[in-house]
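Q: Here you go, one structure.
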Amino acid sequence: MFGARRAAENYEKVEKMLHMIGLEKERVRREMVSAAEASRFAQIVTEMIEQVKKLGPSPLRKTSQNTQKVHAEASVA
Amino acid sequence: MKTVVEIINKTYAHRCLDCGKCTSVCPVAKINRTFSPRSLLMRCVQQDADSVIKDKALWDCLTCGMCELRCPSSIKYIEFMRDIREFAMFEGAAKAECSHGGAFQALDRIMTDSNLKQNRLDWLTPDLKTSKKGDFLYFVGCAPYFDVFFSELNIEAIASTKGAIKLLNKIGIEPMLLSDERCCGHDMLWSGDFKNFEKLAKHNLKQIEESGAKTVIFSCPEGFQAFSQSYPEFFGTLNFNVVHLTELLNEKIKTNELQFNEIEKSVTFQDPCRLGRHMGKYDEPRALIEAIPKLELHEMGRSRHRSTCCGVANWLTCGVTAKTIQANRFREAKLAGASTLITACIKCEIHYKCALQDDKLRDEVDLEVKDLITLASEVVK
């Protein structure tokens, strides 16, 4: 149970920080799924994909691409 | 970007006499015997910069400024470290590793995005008076984020921010706040990422210019240092004044316009390296402590310019060395006869409170860690 509890604590922080930085809280989701619940797991993942598609690309996508580019250039140099 | 030779010339690294004073006063070298600021500097001077930029020790430096203070040749040590780190990042030889899994560096880099719409003023309550237009602007800093991230440590980040506005209201200032303020970039600059520091700084300078503020007030020592020293260094003279909250409060304490209720406590004060050695503000926070009746200030053996850093800088160096530095500092505070350690920097508070998570240390030193601004706002008349 320790890992799940820790994830729950971290999730609260992530949600609050995402709100503060100005991103939609629908972009993250926390669910407890047992290893025996295969169909439920598949359903949750499908729902999540649909939800993220609805929200569209993150407004920060450009920044992260630029950061990756900077890192790539730096490692080449 | 400066070359190694330019960095050496600019920081007078070639003047090194090899006396080793820097290493003997370095708080990191006292614990970690393999770390030597002198060795890092001398290897660069002796044309071995390649080994320095690949050396992990480069990121262990706290940039606290103790070495610079004691150097008989007045070598600008911390500027040297800062610029060599930038060079190392540019060469791709090393990357600053955040002790919190990269969370804060990611946060700083996200904040460089101009499309960002933050909700960073949710903590603002109606009893705190702020204005839309005025001469004064209060720069909040990253406190709202720290408050969430370190919630299990019970830190007083939001309490301190609210306290700062309460104190400003008491002295007749209703400050403006920036709804989309960015990180000051201090951590980016000191961990070698100049590009993102520049972006963050330009966002902040533009927003402050649009607000029309004539004076910007800081309670965070790092923001205060970045705006007072780093911004003018890279972007020219600023067209507004930069003051620390304790400076403004002291003016009113002198004229008896700001008074405090008494509180019986014996305290000691931890000088933040940015406020102390970098900015030279030793008396201002102490005057605020002394203005509170019955609050006894016991100085630690090493205080003011001789004060030890809290052990971690720019979220880079948390580990055994940092924890030992903190434990030793607590013992020093205990020896001074204090029951509370007062800090003026949110990061000192986080690091000390984290060290007190160790039950054995907590039982041994039996100290409380308290933020200066929070304490003052709780007892203000």
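We name chains A, B, ... following the order of the structure tokens; residues begin at 1 in each chain, and ligands are numbered from 1 as shown.
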Provide as number ranges by chain the residues of chain B at most 12 Å from chain A, counting only C-alpha atoms.
A: B: 86-95, 103-123, 142-152, 179-183, 193, 195-196, 199
Q: Print the selection's residues with N, CA and C atoms to a file, as a compact mmCIF listing (two decimals), in the first residue's frame.
A:
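Written file, again.txt:
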# COMPACT_ATOMS: atom_id res chain seq x y z
N GLU B 86 28.38 27.82 -16.88
CA GLU B 86 27.72 28.15 -18.14
C GLU B 86 28.51 27.57 -19.31
N PHE B 87 29.83 27.67 -19.22
CA PHE B 87 30.71 27.13 -20.26
C PHE B 87 30.56 25.61 -20.36
N ALA B 88 30.49 24.95 -19.18
CA ALA B 88 30.35 23.49 -19.15
C ALA B 88 29.03 23.06 -19.78
N MET B 89 27.96 23.80 -19.48
CA MET B 89 26.64 23.48 -20.06
C MET B 89 26.67 23.66 -21.57
N PHE B 90 27.33 24.74 -22.01
CA PHE B 90 27.40 25.03 -23.45
C PHE B 90 28.18 23.95 -24.18
N GLU B 91 29.26 23.51 -23.57
CA GLU B 91 30.09 22.47 -24.18
C GLU B 91 29.40 21.10 -24.12
N GLY B 92 28.34 21.01 -23.35
CA GLY B 92 27.63 19.74 -23.21
C GLY B 92 28.38 18.74 -22.36
N ALA B 93 29.37 19.25 -21.60
CA ALA B 93 30.20 18.35 -20.80
C ALA B 93 29.48 17.89 -19.55
N ALA B 94 28.55 18.71 -19.06
CA ALA B 94 27.86 18.36 -17.82
C ALA B 94 26.50 19.02 -17.82
N LYS B 95 25.65 18.49 -16.97
CA LYS B 95 24.33 19.08 -16.83
C LYS B 95 24.04 19.19 -15.34
N ALA B 103 12.44 18.71 -10.85
CA ALA B 103 11.15 19.41 -10.76
C ALA B 103 11.30 20.93 -10.88
N PHE B 104 12.26 21.48 -10.16
CA PHE B 104 12.34 22.94 -10.13
C PHE B 104 12.95 23.51 -11.39
N GLN B 105 13.88 22.76 -11.98
CA GLN B 105 14.45 23.24 -13.24
C GLN B 105 13.39 23.20 -14.33
N ALA B 106 12.55 22.14 -14.31
CA ALA B 106 11.46 22.05 -15.28
C ALA B 106 10.50 23.22 -15.08
N LEU B 107 10.20 23.50 -13.82
CA LEU B 107 9.29 24.61 -13.50
C LEU B 107 9.83 25.94 -14.04
N ASP B 108 11.12 26.18 -13.78
CA ASP B 108 11.74 27.42 -14.25
C ASP B 108 11.69 27.50 -15.77
N ARG B 109 11.94 26.36 -16.43
CA ARG B 109 11.98 26.38 -17.90
C ARG B 109 10.58 26.53 -18.47
N ILE B 110 9.57 25.93 -17.82
CA ILE B 110 8.19 26.13 -18.28
C ILE B 110 7.84 27.61 -18.21
N MET B 111 8.33 28.27 -17.16
CA MET B 111 7.99 29.68 -16.98
C MET B 111 8.59 30.61 -18.03
N THR B 112 9.49 30.09 -18.86
CA THR B 112 10.05 30.93 -19.92
C THR B 112 9.05 31.10 -21.06
N ASP B 113 7.99 30.28 -21.09
CA ASP B 113 7.01 30.31 -22.18
C ASP B 113 6.16 31.57 -22.08
N SER B 114 6.05 32.29 -23.21
CA SER B 114 5.29 33.54 -23.14
C SER B 114 3.79 33.31 -23.19
N ASN B 115 3.35 32.08 -23.59
CA ASN B 115 1.90 31.80 -23.65
C ASN B 115 1.31 31.43 -22.29
N LEU B 116 2.17 31.36 -21.30
CA LEU B 116 1.72 30.87 -19.99
C LEU B 116 0.70 31.81 -19.35
N LYS B 117 -0.35 31.20 -18.75
CA LYS B 117 -1.32 32.00 -17.97
C LYS B 117 -1.40 31.37 -16.59
N GLN B 118 -0.63 31.88 -15.66
CA GLN B 118 -0.56 31.26 -14.34
C GLN B 118 -1.73 31.69 -13.45
N ASN B 119 -2.07 30.83 -12.50
CA ASN B 119 -3.04 31.20 -11.45
C ASN B 119 -2.28 31.28 -10.15
N ARG B 120 -1.34 32.23 -10.06
CA ARG B 120 -0.43 32.17 -8.92
C ARG B 120 -0.85 33.05 -7.74
N LEU B 121 -2.01 33.71 -7.85
CA LEU B 121 -2.40 34.59 -6.75
C LEU B 121 -3.63 34.08 -6.00
N ASP B 122 -3.86 32.76 -6.04
CA ASP B 122 -5.03 32.18 -5.37
C ASP B 122 -5.00 32.36 -3.86
N TRP B 123 -3.81 32.54 -3.31
CA TRP B 123 -3.66 32.64 -1.85
C TRP B 123 -4.09 34.00 -1.31
N CYS B 142 8.84 32.50 -5.92
CA CYS B 142 8.30 31.17 -6.17
C CYS B 142 7.60 30.57 -4.96
N ALA B 143 7.40 31.35 -3.89
CA ALA B 143 6.81 30.83 -2.65
C ALA B 143 5.53 30.01 -2.85
N PRO B 144 4.56 30.44 -3.71
CA PRO B 144 3.34 29.64 -3.87
C PRO B 144 3.63 28.21 -4.35
N TYR B 145 4.63 28.06 -5.22
CA TYR B 145 4.98 26.73 -5.72
C TYR B 145 5.65 25.90 -4.62
N PHE B 146 6.57 26.52 -3.88
CA PHE B 146 7.26 25.80 -2.81
C PHE B 146 6.26 25.33 -1.76
N ASP B 147 5.25 26.17 -1.49
CA ASP B 147 4.26 25.84 -0.47
C ASP B 147 3.56 24.53 -0.78
N VAL B 148 3.27 24.30 -2.08
CA VAL B 148 2.63 23.04 -2.48
C VAL B 148 3.65 21.91 -2.45
N PHE B 149 4.80 22.14 -3.05
CA PHE B 149 5.79 21.07 -3.22
C PHE B 149 6.31 20.55 -1.89
N PHE B 150 6.51 21.46 -0.93
CA PHE B 150 7.06 21.03 0.36
C PHE B 150 6.00 21.04 1.46
N SER B 151 4.75 20.70 1.09
CA SER B 151 3.66 20.81 2.06
C SER B 151 3.89 19.92 3.29
N GLU B 152 4.58 18.78 3.11
CA GLU B 152 4.77 17.87 4.25
C GLU B 152 5.77 18.43 5.27
N SER B 179 0.25 39.34 -11.79
CA SER B 179 -0.53 38.10 -11.84
C SER B 179 0.20 37.02 -12.65
N ASP B 180 1.15 37.43 -13.48
CA ASP B 180 1.86 36.44 -14.29
C ASP B 180 3.37 36.58 -14.11
N GLU B 181 3.75 36.83 -12.86
CA GLU B 181 5.18 36.96 -12.53
C GLU B 181 5.92 35.66 -12.82
N ARG B 182 7.17 35.78 -13.28
CA ARG B 182 7.97 34.57 -13.54
C ARG B 182 9.03 34.42 -12.47
N CYS B 183 9.63 33.25 -12.47
CA CYS B 183 10.78 33.02 -11.60
C CYS B 183 11.84 34.07 -11.92
N ASP B 193 22.54 27.89 -16.86
CA ASP B 193 21.62 28.00 -17.99
C ASP B 193 21.30 29.48 -18.26
N LYS B 195 20.69 31.09 -21.04
CA LYS B 195 19.65 31.35 -22.03
C LYS B 195 18.27 31.48 -21.39
N ASN B 196 17.96 30.55 -20.51
CA ASN B 196 16.65 30.59 -19.85
C ASN B 196 16.58 31.67 -18.78
N LYS B 199 15.62 34.75 -20.68
CA LYS B 199 14.21 34.77 -21.05
C LYS B 199 13.33 35.16 -19.86
Q: Would you give me, as an MDAnalysis selection string, the residues in segment 84-297 of chain B that DSSP reads as helix (DSSP H, G or I)?
A: chainID B and resid 84:91 103:110 143:149 151:153 157:170 186:190 194:211 221:235 245:254 274:278 283:291
Q: Would you list, as a VMD selection string, the residues of segment 120-353 of chain B that end up in strand (DSSP E) under DSSP run on this structure's backbone?
A: chain B and resid 136 to 139 215 to 218 241 to 244 265 to 270 295 to 297 340 to 343
Q: Would you mind listing what lies within 10 Å of segment 13-17 of chain B as a compact mmCIF listing (two decimals) with C-alpha atoms, in the first residue's frame, with only C-alpha atoms counted and same-chain residues fewer than 2 positions away left out?
A:
# COMPACT_ATOMS: atom_id res chain seq x y z
CA VAL B 5 40.59 32.70 -20.97
CA ILE B 7 36.57 34.09 -17.62
CA ILE B 8 40.04 33.87 -16.04
CA ASN B 9 40.86 37.45 -17.01
CA LYS B 10 37.55 38.84 -15.86
CA THR B 11 37.55 37.14 -12.48
CA CYS B 19 47.59 29.82 -0.44
CA GLY B 20 44.55 27.56 -0.03
CA LYS B 21 42.55 29.95 2.18
CA ARG B 38 41.31 26.16 -5.30
CA LEU B 41 40.36 27.34 -10.25
CA MET B 42 44.01 26.35 -10.59
CA CYS B 44 41.51 26.17 -15.30
CA VAL B 45 44.47 28.55 -15.01
CA GLN B 46 46.87 25.69 -15.87
CA CYS B 71 40.85 35.47 -0.81
CA PRO B 72 43.90 37.75 -0.37
CA SER B 73 44.05 38.30 -4.16
CA SER B 74 40.38 39.36 -4.42
CA ILE B 75 39.58 36.69 -7.00
CA LYS B 76 35.92 36.81 -7.97
CA TYR B 77 35.35 33.16 -7.07
CA PHE B 80 34.16 32.31 -11.84
